[in-house]
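Here's protein-v8.tsv, which has TSV, C-alpha atoms:
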```tsv
chain	number	residue	atom	x	y	z
D	1	MET	CA	123.27	119.52	80.73
D	2	THR	CA	123.08	120.05	84.47
D	3	PHE	CA	126.04	119.58	86.78
D	4	TRP	CA	124.35	116.51	88.21
D	5	GLY	CA	123.65	115.01	84.80
D	6	ARG	CA	127.19	115.71	83.62
D	7	LYS	CA	128.70	114.00	86.68
D	8	GLN	CA	126.50	110.96	86.18
D	9	ARG	CA	127.42	110.72	82.52
D	10	GLU	CA	131.10	111.06	83.30
D	11	LEU	CA	130.89	108.25	85.82
D	12	ARG	CA	129.08	106.04	83.31
D	13	ASP	CA	131.73	106.81	80.68
D	14	GLU	CA	134.49	106.14	83.17
D	15	LEU	CA	133.12	102.70	84.08
D	16	GLU	CA	132.59	101.97	80.41
D	17	SER	CA	136.23	102.85	79.65
D	18	HIS	CA	137.28	100.57	82.53
D	19	ILE	CA	135.38	97.67	80.93
D	20	ARG	CA	136.88	98.48	77.51
D	21	MET	CA	140.44	98.46	78.86
D	22	ALA	CA	139.90	95.30	80.89
D	23	ALA	CA	138.43	93.59	77.80
D	24	GLN	CA	141.36	94.82	75.68
D	25	ASP	CA	143.82	93.26	78.16
D	26	ARG	CA	141.93	89.97	78.00
D	27	ILE	CA	141.93	90.02	74.18
D	28	GLU	CA	145.69	90.58	74.23
D	29	ARG	CA	145.97	87.54	76.49
D	30	GLY	CA	144.16	85.49	73.87
D	31	GLU	CA	140.46	85.66	74.74
D	32	ASP	CA	137.87	86.22	72.02
D	33	ALA	CA	136.33	89.70	71.84
D	34	VAL	CA	132.82	88.78	73.01
D	35	GLY	CA	133.99	86.59	75.89
D	36	ALA	CA	136.57	89.19	76.96
D	37	ARG	CA	133.94	91.91	77.21
D	38	GLN	CA	131.53	89.66	79.09
D	39	HIS	CA	134.24	88.67	81.56
D	40	ALA	CA	135.34	92.26	82.01
D	41	ARG	CA	131.80	93.37	82.71
D	42	ARG	CA	131.29	90.51	85.17
D	43	GLU	CA	134.56	91.39	86.89
D	44	LEU	CA	133.41	94.96	87.32
D	45	GLY	CA	130.48	93.75	89.41
D	46	ASN	CA	127.21	95.54	90.01
D	47	GLU	CA	127.58	98.69	87.93
D	48	THR	CA	124.48	100.35	89.33
D	49	LEU	CA	125.69	99.80	92.87
D	50	ILE	CA	129.13	101.21	92.00
D	51	ARG	CA	127.51	104.27	90.43
D	52	GLU	CA	125.30	104.81	93.48
D	53	THR	CA	128.19	104.39	95.92
D	54	ALA	CA	130.36	106.76	93.88
D	55	ARG	CA	127.53	109.29	93.72
D	56	ASP	CA	127.34	109.20	97.51
D	57	GLN	CA	130.91	110.48	97.55
D	58	TRP	CA	130.00	113.64	95.64
D	59	GLY	CA	128.27	114.91	98.74
D	60	LEU	CA	125.17	115.88	96.80
D	61	ARG	CA	123.18	112.88	97.86
D	62	TRP	CA	121.26	115.03	100.35
D	63	LEU	CA	120.21	117.29	97.46
D	64	GLU	CA	119.07	114.32	95.43
D	65	THR	CA	117.16	112.95	98.44
D	66	LEU	CA	115.65	116.38	99.05
D	67	LEU	CA	114.49	116.62	95.44
D	68	GLN	CA	113.07	113.12	95.67
D	69	ASP	CA	111.25	114.05	98.89
D	70	LEU	CA	109.92	117.23	97.29
D	71	ARG	CA	108.69	115.30	94.27
D	72	TYR	CA	107.05	112.83	96.61
D	73	ALA	CA	105.49	115.63	98.67
D	74	ILE	CA	104.05	117.28	95.55
D	75	HIS	CA	102.74	113.94	94.41
D	76	ALA	CA	101.23	113.32	97.86
D	77	ALA	CA	99.67	116.80	97.84
D	78	GLN	CA	98.13	116.08	94.45
D	79	ILE	CA	96.74	112.84	95.83
D	80	THR	CA	95.38	114.70	98.87
D	81	ARG	CA	93.66	117.18	96.57
D	82	LEU	CA	92.25	114.29	94.59
D	83	HIS	CA	91.04	112.69	97.83
D	84	ALA	CA	89.40	115.93	98.90
D	85	ALA	CA	87.64	116.18	95.53
D	86	CYS	CA	86.53	112.54	95.79
D	87	CYS	CA	85.18	113.06	99.33
D	88	ARG	CA	83.36	116.23	98.27
D	89	ASP	CA	81.79	114.51	95.25
D	90	LEU	CA	80.84	111.50	97.35
D	91	ALA	CA	79.29	113.75	100.01
D	92	LEU	CA	77.38	115.70	97.37
D	93	GLY	CA	76.25	112.47	95.74
D	94	ILE	CA	75.10	110.85	98.97
D	95	GLY	CA	73.50	114.10	100.15
D	96	SER	CA	71.56	114.71	96.95
D	97	VAL	CA	70.40	111.09	96.75
D	98	THR	CA	69.25	111.24	100.40
D	99	LEU	CA	67.47	114.52	99.76
D	100	ILE	CA	65.71	113.21	96.66
D	101	PHE	CA	64.78	109.98	98.42
D	102	SER	CA	63.43	111.89	101.43
D	103	ALA	CA	61.33	114.04	99.14
D	104	VAL	CA	60.06	111.09	97.11
D	105	TYR	CA	59.43	109.06	100.26
D	106	GLY	CA	57.55	111.89	101.94
D	107	VAL	CA	55.56	113.01	98.90
D	108	ILE	CA	54.92	109.77	97.00
D	109	LEU	CA	55.69	106.70	99.10
D	110	ASN	CA	54.73	107.73	102.62
D	111	THR	CA	52.12	110.45	102.53
D	112	PHE	CA	50.88	109.66	106.03
D	113	PRO	CA	53.95	109.88	108.21
D	114	PHE	CA	52.77	108.37	111.48
D	115	ARG	CA	54.07	105.46	113.45
D	116	ASP	CA	52.01	102.28	112.88
D	117	ALA	CA	50.14	104.12	110.15
D	118	GLU	CA	48.25	100.94	109.20
D	119	GLN	CA	46.49	101.02	112.58
D	120	VAL	CA	45.27	104.56	112.11
D	121	THR	CA	41.73	105.03	110.91
D	122	SER	CA	39.37	107.91	110.43
D	123	PHE	CA	35.68	107.74	110.97
D	124	ASP	CA	32.63	109.61	109.78
D	125	ILE	CA	30.02	110.93	112.11
D	126	GLN	CA	26.39	110.15	111.56
D	127	ASP	CA	24.13	112.97	112.64
D	128	LEU	CA	20.44	112.20	111.96
D	129	SER	CA	19.44	115.71	112.95
D	130	ARG	CA	21.04	117.02	109.80
D	131	PRO	CA	19.56	116.73	106.34
D	132	THR	CA	22.62	114.93	105.10
D	133	ASN	CA	22.69	112.63	108.16
D	134	TYR	CA	26.32	113.41	108.19
D	135	ARG	CA	28.68	115.66	110.06
D	136	GLU	CA	32.35	116.16	109.47
D	137	SER	CA	33.45	117.50	112.80
D	138	LEU	CA	33.03	116.94	116.49
D	139	SER	CA	32.57	119.55	119.12
D	140	MET	CA	35.34	119.69	121.67
D	141	PRO	CA	33.27	118.10	124.50
D	142	GLU	CA	32.21	115.31	122.15
D	143	PHE	CA	35.78	114.73	121.17
D	144	LEU	CA	37.02	114.67	124.76
D	145	TYR	CA	34.20	112.37	125.80
D	146	LEU	CA	34.99	109.94	123.04
D	147	ARG	CA	38.63	109.98	123.88
D	148	GLU	CA	38.00	109.29	127.57
D	149	HIS	CA	35.34	106.60	127.17
D	150	SER	CA	35.98	104.77	123.94
D	151	GLN	CA	37.11	101.17	124.40
D	152	ALA	CA	37.57	100.43	120.71
D	153	PHE	CA	40.47	102.79	120.14
D	154	GLN	CA	43.71	103.23	121.88
D	155	ASP	CA	43.70	106.99	121.51
D	156	PHE	CA	42.19	109.88	119.63
D	157	SER	CA	43.65	112.70	117.71
D	158	GLY	CA	42.01	115.70	116.14
D	159	GLU	CA	42.88	118.13	113.47
D	160	SER	CA	41.67	121.63	113.13
D	161	LYS	CA	41.31	123.01	109.64
D	162	ARG	CA	42.42	126.40	110.83
D	163	LYS	CA	45.27	125.20	112.93
D	164	PHE	CA	46.65	121.80	113.74
D	165	VAL	CA	45.59	120.81	117.20
D	166	GLN	CA	47.14	117.81	118.70
D	167	LEU	CA	44.98	116.31	121.34
D	168	LEU	CA	46.68	113.03	121.22
D	169	ARG	CA	47.47	111.58	124.59
D	170	SER	CA	50.86	110.10	124.06
D	171	GLN	CA	50.30	106.67	125.56
D	172	ALA	CA	47.88	105.21	128.06
D	173	THR	CA	50.46	104.95	130.85
D	174	ALA	CA	52.18	108.29	130.43
D	175	GLY	CA	50.44	111.51	131.26
D	176	PRO	CA	49.71	113.99	128.52
D	177	PRO	CA	52.73	116.08	127.54
D	178	PRO	CA	52.59	119.75	128.65
D	179	ASP	CA	51.84	121.04	125.18
D	180	THR	CA	48.86	118.77	124.82
D	181	ARG	CA	47.48	119.80	128.20
D	182	ARG	CA	47.78	123.47	127.37
D	183	CYS	CA	46.03	122.87	124.10
D	184	GLN	CA	43.29	120.94	125.83
D	185	ALA	CA	42.77	123.68	128.40
D	186	ARG	CA	42.58	126.35	125.78
D	187	ARG	CA	40.18	124.47	123.58
D	188	HIS	CA	38.13	122.85	126.30
D	189	SER	CA	35.35	125.35	126.48
D	190	GLY	CA	35.12	126.04	122.81
D	191	VAL	CA	33.80	123.99	119.98
D	192	CYS	CA	36.35	122.24	117.89
D	193	ASP	CA	34.92	123.43	114.61
D	194	GLY	CA	35.81	121.61	111.50
D	195	SER	CA	37.89	119.11	113.35
D	196	GLU	CA	38.12	115.58	112.22
D	197	ALA	CA	38.47	112.92	114.78
D	198	VAL	CA	41.09	110.43	114.04
D	199	ALA	CA	41.25	107.36	116.15
D	200	ARG	CA	43.97	104.86	116.50
C	1	MET	CA	134.14	83.33	92.47
C	2	LYS	CA	135.31	82.48	95.98
C	3	THR	CA	138.21	80.32	94.79
C	4	ARG	CA	139.41	83.13	92.56
C	5	TYR	CA	139.95	85.37	95.54
C	6	GLN	CA	141.37	82.67	97.80
C	7	ASN	CA	144.99	83.57	97.04
C	8	ARG	CA	144.33	87.27	97.29
C	9	ILE	CA	144.16	89.31	100.44
C	10	GLU	CA	141.26	91.64	101.00
C	11	LEU	CA	142.40	95.17	101.62
C	12	LEU	CA	142.53	96.30	105.19
C	13	GLN	CA	139.94	98.98	105.74
C	14	GLY	CA	141.44	102.44	105.29
C	15	THR	CA	144.42	101.25	103.27
C	16	LEU	CA	142.82	101.80	99.87
C	17	ASP	CA	143.29	105.56	100.06
C	18	LEU	CA	146.98	105.03	100.83
C	19	LEU	CA	147.41	102.59	97.94
C	20	ILE	CA	145.66	104.91	95.46
C	21	LEU	CA	147.65	107.96	96.55
C	22	GLN	CA	150.89	105.95	96.44
C	23	THR	CA	150.11	104.64	92.96
C	24	LEU	CA	149.39	108.15	91.71
C	25	GLN	CA	152.69	109.40	93.08
C	26	TRP	CA	154.36	107.34	90.36
C	27	GLY	CA	152.42	109.34	87.77
C	28	PRO	CA	148.89	110.19	86.53
C	29	GLN	CA	146.76	107.12	85.99
C	30	HIS	CA	143.18	106.11	85.15
C	31	GLY	CA	141.02	103.90	87.36
C	32	TYR	CA	141.78	100.67	85.52
C	33	GLY	CA	145.50	101.54	85.51
C	34	ILE	CA	145.45	102.12	89.29
C	35	SER	CA	143.82	98.75	89.95
C	36	GLN	CA	146.30	97.01	87.65
C	37	ALA	CA	149.26	98.81	89.25
C	38	ILE	CA	148.16	97.75	92.75
C	39	ARG	CA	147.70	94.17	91.54
C	40	ILE	CA	151.07	93.99	89.80
C	41	HIS	CA	153.11	95.83	92.46
C	42	SER	CA	151.66	93.64	95.19
C	43	GLY	CA	152.79	90.56	93.30
C	44	GLU	CA	149.22	89.65	92.31
C	45	VAL	CA	148.26	89.49	95.99
C	46	LEU	CA	146.17	92.62	96.41
C	47	GLN	CA	143.07	92.92	94.27
C	48	VAL	CA	141.17	96.20	94.39
C	49	ASP	CA	137.47	95.67	94.00
C	50	THR	CA	136.05	98.00	91.34
C	51	GLY	CA	133.07	98.60	93.61
C	52	SER	CA	135.46	100.13	96.14
C	53	LEU	CA	137.93	101.75	93.74
C	54	TYR	CA	135.67	104.21	91.95
C	55	PRO	CA	133.81	105.43	95.03
C	56	ALA	CA	137.23	105.88	96.69
C	57	LEU	CA	138.54	107.83	93.68
C	58	HIS	CA	135.54	110.13	93.76
C	59	ARG	CA	135.88	110.55	97.52
C	60	LEU	CA	139.57	111.50	97.20
C	61	GLU	CA	138.69	113.86	94.37
C	62	ARG	CA	136.15	115.58	96.57
C	63	GLN	CA	138.80	115.93	99.28
C	64	ARG	CA	140.92	117.62	96.58
C	65	TRP	CA	143.72	115.13	97.16
C	66	ILE	CA	143.51	114.02	93.54
C	67	LYS	CA	142.35	115.81	90.39
C	68	ALA	CA	140.65	114.19	87.43
C	69	SER	CA	140.70	115.14	83.76
C	70	TRP	CA	139.56	113.46	80.55
C	71	GLN	CA	142.35	112.46	78.21
C	72	THR	CA	142.77	110.33	75.13
C	73	SER	CA	144.77	107.18	75.76
C	74	GLU	CA	147.35	105.54	73.48
C	75	ASN	CA	144.53	103.37	72.10
C	76	LYS	CA	142.60	106.53	71.15
C	77	GLN	CA	140.17	105.94	73.95
C	78	ARG	CA	138.70	108.61	76.18
C	79	VAL	CA	139.80	107.90	79.75
C	80	ARG	CA	139.50	109.76	83.02
C	81	VAL	CA	142.98	110.27	84.37
C	82	TYR	CA	143.71	111.10	88.01
C	83	ARG	CA	146.74	112.98	89.25
C	84	LEU	CA	147.97	113.74	92.75
C	85	THR	CA	147.55	117.30	94.04
C	86	THR	CA	149.80	119.07	96.53
C	87	ALA	CA	147.24	118.42	99.26
C	88	GLY	CA	147.22	114.79	98.10
C	89	LYS	CA	150.97	114.54	98.53
C	90	ARG	CA	150.65	115.84	102.10
C	91	GLN	CA	147.87	113.35	102.73
C	92	LEU	CA	150.02	110.54	101.33
C	93	THR	CA	152.77	111.39	103.85
C	94	HIS	CA	150.16	111.35	106.62
C	95	GLU	CA	148.66	108.06	105.44
C	96	ARG	CA	152.13	106.50	105.22
C	97	SER	CA	153.05	107.40	108.77
C	98	ARG	CA	149.68	106.12	109.93
C	99	TRP	CA	150.28	102.85	108.12
C	100	GLU	CA	153.71	102.54	109.70
C	101	GLN	CA	152.10	103.01	113.10
C	102	ILE	CA	149.53	100.33	112.36
C	103	SER	CA	152.08	97.83	111.00
C	104	GLU	CA	154.37	98.45	113.97
C	105	ALA	CA	151.44	97.93	116.33
C	106	ILE	CA	150.47	94.70	114.62
C	107	ALA	CA	154.10	93.54	114.55
C	108	GLY	CA	154.25	94.29	118.29
C	109	ILE	CA	151.34	91.98	118.85
C	110	ILE	CA	152.65	89.20	116.63
C	111	ALA	CA	156.35	89.33	117.60
C	112	PRO	CA	156.10	88.18	121.27
C	113	ARG	CA	154.14	85.12	120.17
C	114	GLU	CA	156.76	84.32	117.56
C	115	ARG	CA	159.48	84.66	120.18
C	116	SER	CA	157.63	82.48	122.69
C	117	SER	CA	156.98	79.74	120.12
C	118	PRO	CA	159.68	77.01	119.96
```
In structure tokens, what does this structure look like?
Amino acid sequence: MTFWGRKQRELRDELESHIRMAAQDRIERGEDAVGARQHARRELGNETLIRETARDQWGLRWLETLLQDLRYAIHAAQITRLHAACCRDLALGIGSVTLIFSAVYGVILNTFPFRDAEQVTSFDIQDLSRPTNYRESLSMPEFLYLREHSQAFQDFSGESKRKFVQLLRSQATAGPPPDTRRCQARRHSGVCDGSEAVAR
Amino acid sequence: MKTRYQNRIELLQGTLDLLILQTLQWGPQHGYGISQAIRIHSGEVLQVDTGSLYPALHRLERQRWIKASWQTSENKQRVRVYRLTTAGKRQLTHERSRWEQISEAIAGIIAPRERSSP
């Protein structure tokens, strides 16, 4: 048994012997055994409090408090580790769900990721000079002409099969962004082969 | 509970050590014996609270003024008996002189009033 445990046990035994002797005195004065012991115990008062106060006198209370603090610190550290694990798992969970949703949304739910996608339309080009009466693409001048003069659509956008070409003028009020202008300038003289005009 | 203590005087703070040391000068004694001795020798006036007695005993033991050992009593019971050490005897002398100072000081305060009263 440790020094601490031995001291505690001794104190408990000492208080117990006090109660025994007090009860014995009461019995000798004529009280019944059960009543004498009950009275003796009541007379002693709060045994736990006495034990704690006596323990304070041993001068080792600081050690006991330190041990308690250490136990608490270890417990708190364990909780912190648990919290860290919880946060990590939550982050992984939220992250993976977001990733999967983004993929599903992009691939399955929203395959045409443009703003106001319901207003976007594509159109076919009738060309009676061709045997099929049909043409897939516009030349660059045709495209630019349509974009400048069309009243039915807010704006035009084209797509090159070789390379994505954005000819979209951002909005009617704002001027074309620099990238768009550069693209226009580069492609202005050429024919926009295989491009599909998309109006919106 | 209150009425039980009405005829008893609560110990003046700091006097418990003196009473314990004085009681042990008459011979080794266990905690219960000390409390009984104080009660009887004070003519049933002074009652040592157990909640104060045992912490005080352990405090005095730590000061090495008293020494404790387990013994078997006449009733074949294991009891913790305290005895006065040499340092304890010196402390008792010190505590006594301190008490005399205090009682003289208190008497000095009370006496003039007694003299002035008719």
Distance filter 7 Å, all atoms listed in the file, chain C against chain D, as a list in words: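 Taken together, these residues fit the definition: Gly31, Tyr32, Thr50, Gly51, Tyr54, Pro55, His58, Arg59, Arg62, Val79 and Arg80 of chain C.
Going from CA of Ser69 (chain C) to CA of Ser35 (chain C) covers 17.8 Å.
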Residues near region 88-100 of chain C, cut-off 6 Å, only C-alpha atoms, skip fewer than 6 positions along chain, as a count of residues only: 4
Computed interatomic separation between CA of Ile79 (chain D) and CA of Thr65 (chain D) (Å):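 Between CA of Ile79 (chain D) and CA of Thr65 (chain D) the gap is 20.6 Å.
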Using all atoms listed in the file: which of C:Thr85, C:Ser103, C:Ser42, C:Asn75 has the shortest distance to Pro28 (chain C):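 Going through C:Thr85, C:Ser103, C:Ser42, C:Asn75 one by one, the smallest distance to Pro28 (chain C) is for C:Thr85.
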Distance of CA of Leu46 (chain C) from CA of Arg83 (chain C), expressed in Å to one decimal place: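 If I compute the distance from CA of Arg83 (chain C) to CA of Leu46 (chain C), I get 21.6 Å.
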Using all atoms of region 77-90 of chain D that appear in the file, construct an axis-aligned enclosing box with 5 Å of padding on every side and provide its centre coordinates and edge lengths in Å, rounded to one decimal, as JSON.
```
{"center_x": 90.3, "center_y": 114.3, "center_z": 96.9, "size_x": 28.8, "size_y": 15.7, "size_z": 14.9}
```
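For the residues C:Leu53, C:Glu44, C:Ile109, C:Tyr82, ranking by smallest atom-to-atom distance to Trp70 (chain C) using only C-alpha atoms places C:Tyr82 first.
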Generate the missing atoms of region 46-57 of chain C up to all heavy atoms and report them as a PDB file, keeping the file's coordinate frame.
```
ATOM      1  N   LEU C  46     147.251  91.671  96.096  1.00  0.00           N
ATOM      2  CA  LEU C  46     146.170  92.620  96.410  1.00  0.00           C
ATOM      3  C   LEU C  46     145.308  92.872  95.177  1.00  0.00           C
ATOM      4  O   LEU C  46     145.828  93.189  94.104  1.00  0.00           O
ATOM      5  CB  LEU C  46     146.747  93.943  96.918  1.00  0.00           C
ATOM      6  CG  LEU C  46     147.513  93.888  98.241  1.00  0.00           C
ATOM      7  CD1 LEU C  46     148.055  95.268  98.572  1.00  0.00           C
ATOM      8  CD2 LEU C  46     146.656  93.383  99.379  1.00  0.00           C
ATOM      9  N   GLN C  47     144.018  92.691  95.364  1.00  0.00           N
ATOM     10  CA  GLN C  47     143.070  92.920  94.270  1.00  0.00           C
ATOM     11  C   GLN C  47     142.086  93.999  94.730  1.00  0.00           C
ATOM     12  O   GLN C  47     141.384  93.817  95.702  1.00  0.00           O
ATOM     13  CB  GLN C  47     142.333  91.624  93.949  1.00  0.00           C
ATOM     14  CG  GLN C  47     141.190  91.767  92.968  1.00  0.00           C
ATOM     15  CD  GLN C  47     141.677  91.939  91.526  1.00  0.00           C
ATOM     16  OE1 GLN C  47     142.783  91.532  91.180  1.00  0.00           O
ATOM     17  NE2 GLN C  47     140.851  92.560  90.699  1.00  0.00           N
ATOM     18  N   VAL C  48     142.098  95.121  94.027  1.00  0.00           N
ATOM     19  CA  VAL C  48     141.170  96.200  94.390  1.00  0.00           C
ATOM     20  C   VAL C  48     139.824  95.933  93.720  1.00  0.00           C
ATOM     21  O   VAL C  48     139.764  95.781  92.499  1.00  0.00           O
ATOM     22  CB  VAL C  48     141.707  97.579  93.973  1.00  0.00           C
ATOM     23  CG1 VAL C  48     140.757  98.675  94.416  1.00  0.00           C
ATOM     24  CG2 VAL C  48     143.073  97.810  94.568  1.00  0.00           C
ATOM     25  N   ASP C  49     138.822  95.866  94.528  1.00  0.00           N
ATOM     26  CA  ASP C  49     137.470  95.670  94.000  1.00  0.00           C
ATOM     27  C   ASP C  49     137.006  96.960  93.312  1.00  0.00           C
ATOM     28  O   ASP C  49     137.144  98.050  93.876  1.00  0.00           O
ATOM     29  CB  ASP C  49     136.531  95.315  95.176  1.00  0.00           C
ATOM     30  CG  ASP C  49     135.132  95.041  94.700  1.00  0.00           C
ATOM     31  OD1 ASP C  49     134.987  94.510  93.582  1.00  0.00           O
ATOM     32  OD2 ASP C  49     134.176  95.364  95.449  1.00  0.00           O
ATOM     33  N   THR C  50     136.489  96.815  92.093  1.00  0.00           N
ATOM     34  CA  THR C  50     136.050  98.000  91.340  1.00  0.00           C
ATOM     35  C   THR C  50     134.970  98.762  92.108  1.00  0.00           C
ATOM     36  O   THR C  50     134.913  99.987  92.050  1.00  0.00           O
ATOM     37  CB  THR C  50     135.488  97.581  89.967  1.00  0.00           C
ATOM     38  OG1 THR C  50     136.251  96.476  89.499  1.00  0.00           O
ATOM     39  CG2 THR C  50     135.550  98.701  88.987  1.00  0.00           C
ATOM     40  N   GLY C  51     134.141  97.989  92.811  1.00  0.00           N
ATOM     41  CA  GLY C  51     133.070  98.600  93.610  1.00  0.00           C
ATOM     42  C   GLY C  51     133.597  99.492  94.714  1.00  0.00           C
ATOM     43  O   GLY C  51     132.870 100.348  95.229  1.00  0.00           O
ATOM     44  N   SER C  52     134.849  99.274  95.113  1.00  0.00           N
ATOM     45  CA  SER C  52     135.460 100.130  96.140  1.00  0.00           C
ATOM     46  C   SER C  52     136.327 101.210  95.494  1.00  0.00           C
ATOM     47  O   SER C  52     136.427 102.313  96.010  1.00  0.00           O
ATOM     48  CB  SER C  52     136.346  99.306  97.072  1.00  0.00           C
ATOM     49  OG  SER C  52     135.661  98.171  97.520  1.00  0.00           O
ATOM     50  N   LEU C  53     136.945 100.844  94.361  1.00  0.00           N
ATOM     51  CA  LEU C  53     137.930 101.750  93.740  1.00  0.00           C
ATOM     52  C   LEU C  53     137.299 103.068  93.297  1.00  0.00           C
ATOM     53  O   LEU C  53     137.774 104.137  93.685  1.00  0.00           O
ATOM     54  CB  LEU C  53     138.590 101.046  92.541  1.00  0.00           C
ATOM     55  CG  LEU C  53     139.561 101.912  91.753  1.00  0.00           C
ATOM     56  CD1 LEU C  53     140.811 102.216  92.564  1.00  0.00           C
ATOM     57  CD2 LEU C  53     139.947 101.236  90.435  1.00  0.00           C
ATOM     58  N   TYR C  54     136.227 102.977  92.510  1.00  0.00           N
ATOM     59  CA  TYR C  54     135.670 104.210  91.950  1.00  0.00           C
ATOM     60  C   TYR C  54     135.036 105.108  93.001  1.00  0.00           C
ATOM     61  O   TYR C  54     135.276 106.325  92.976  1.00  0.00           O
ATOM     62  CB  TYR C  54     134.737 103.897  90.772  1.00  0.00           C
ATOM     63  CG  TYR C  54     135.545 103.519  89.548  1.00  0.00           C
ATOM     64  CD1 TYR C  54     135.783 102.198  89.228  1.00  0.00           C
ATOM     65  CD2 TYR C  54     136.132 104.496  88.766  1.00  0.00           C
ATOM     66  CE1 TYR C  54     136.569 101.847  88.147  1.00  0.00           C
ATOM     67  CE2 TYR C  54     136.919 104.157  87.676  1.00  0.00           C
ATOM     68  CZ  TYR C  54     137.135 102.833  87.366  1.00  0.00           C
ATOM     69  OH  TYR C  54     137.927 102.519  86.304  1.00  0.00           O
ATOM     70  N   PRO C  55     134.268 104.554  93.945  1.00  0.00           N
ATOM     71  CA  PRO C  55     133.810 105.430  95.030  1.00  0.00           C
ATOM     72  C   PRO C  55     134.969 106.086  95.777  1.00  0.00           C
ATOM     73  O   PRO C  55     134.894 107.266  96.111  1.00  0.00           O
ATOM     74  CB  PRO C  55     133.031 104.474  95.937  1.00  0.00           C
ATOM     75  CG  PRO C  55     132.544 103.416  95.023  1.00  0.00           C
ATOM     76  CD  PRO C  55     133.641 103.234  94.020  1.00  0.00           C
ATOM     77  N   ALA C  56     136.063 105.320  95.986  1.00  0.00           N
ATOM     78  CA  ALA C  56     137.230 105.880  96.690  1.00  0.00           C
ATOM     79  C   ALA C  56     137.859 107.000  95.867  1.00  0.00           C
ATOM     80  O   ALA C  56     138.200 108.057  96.413  1.00  0.00           O
ATOM     81  CB  ALA C  56     138.245 104.779  96.949  1.00  0.00           C
ATOM     82  N   LEU C  57     137.967 106.798  94.556  1.00  0.00           N
ATOM     83  CA  LEU C  57     138.540 107.830  93.680  1.00  0.00           C
ATOM     84  C   LEU C  57     137.711 109.116  93.749  1.00  0.00           C
ATOM     85  O   LEU C  57     138.259 110.214  93.838  1.00  0.00           O
ATOM     86  CB  LEU C  57     138.617 107.324  92.239  1.00  0.00           C
ATOM     87  CG  LEU C  57     139.757 106.333  91.941  1.00  0.00           C
ATOM     88  CD1 LEU C  57     139.584 105.731  90.562  1.00  0.00           C
ATOM     89  CD2 LEU C  57     141.111 107.013  92.054  1.00  0.00           C
TER      90      LEU C  57
END
```
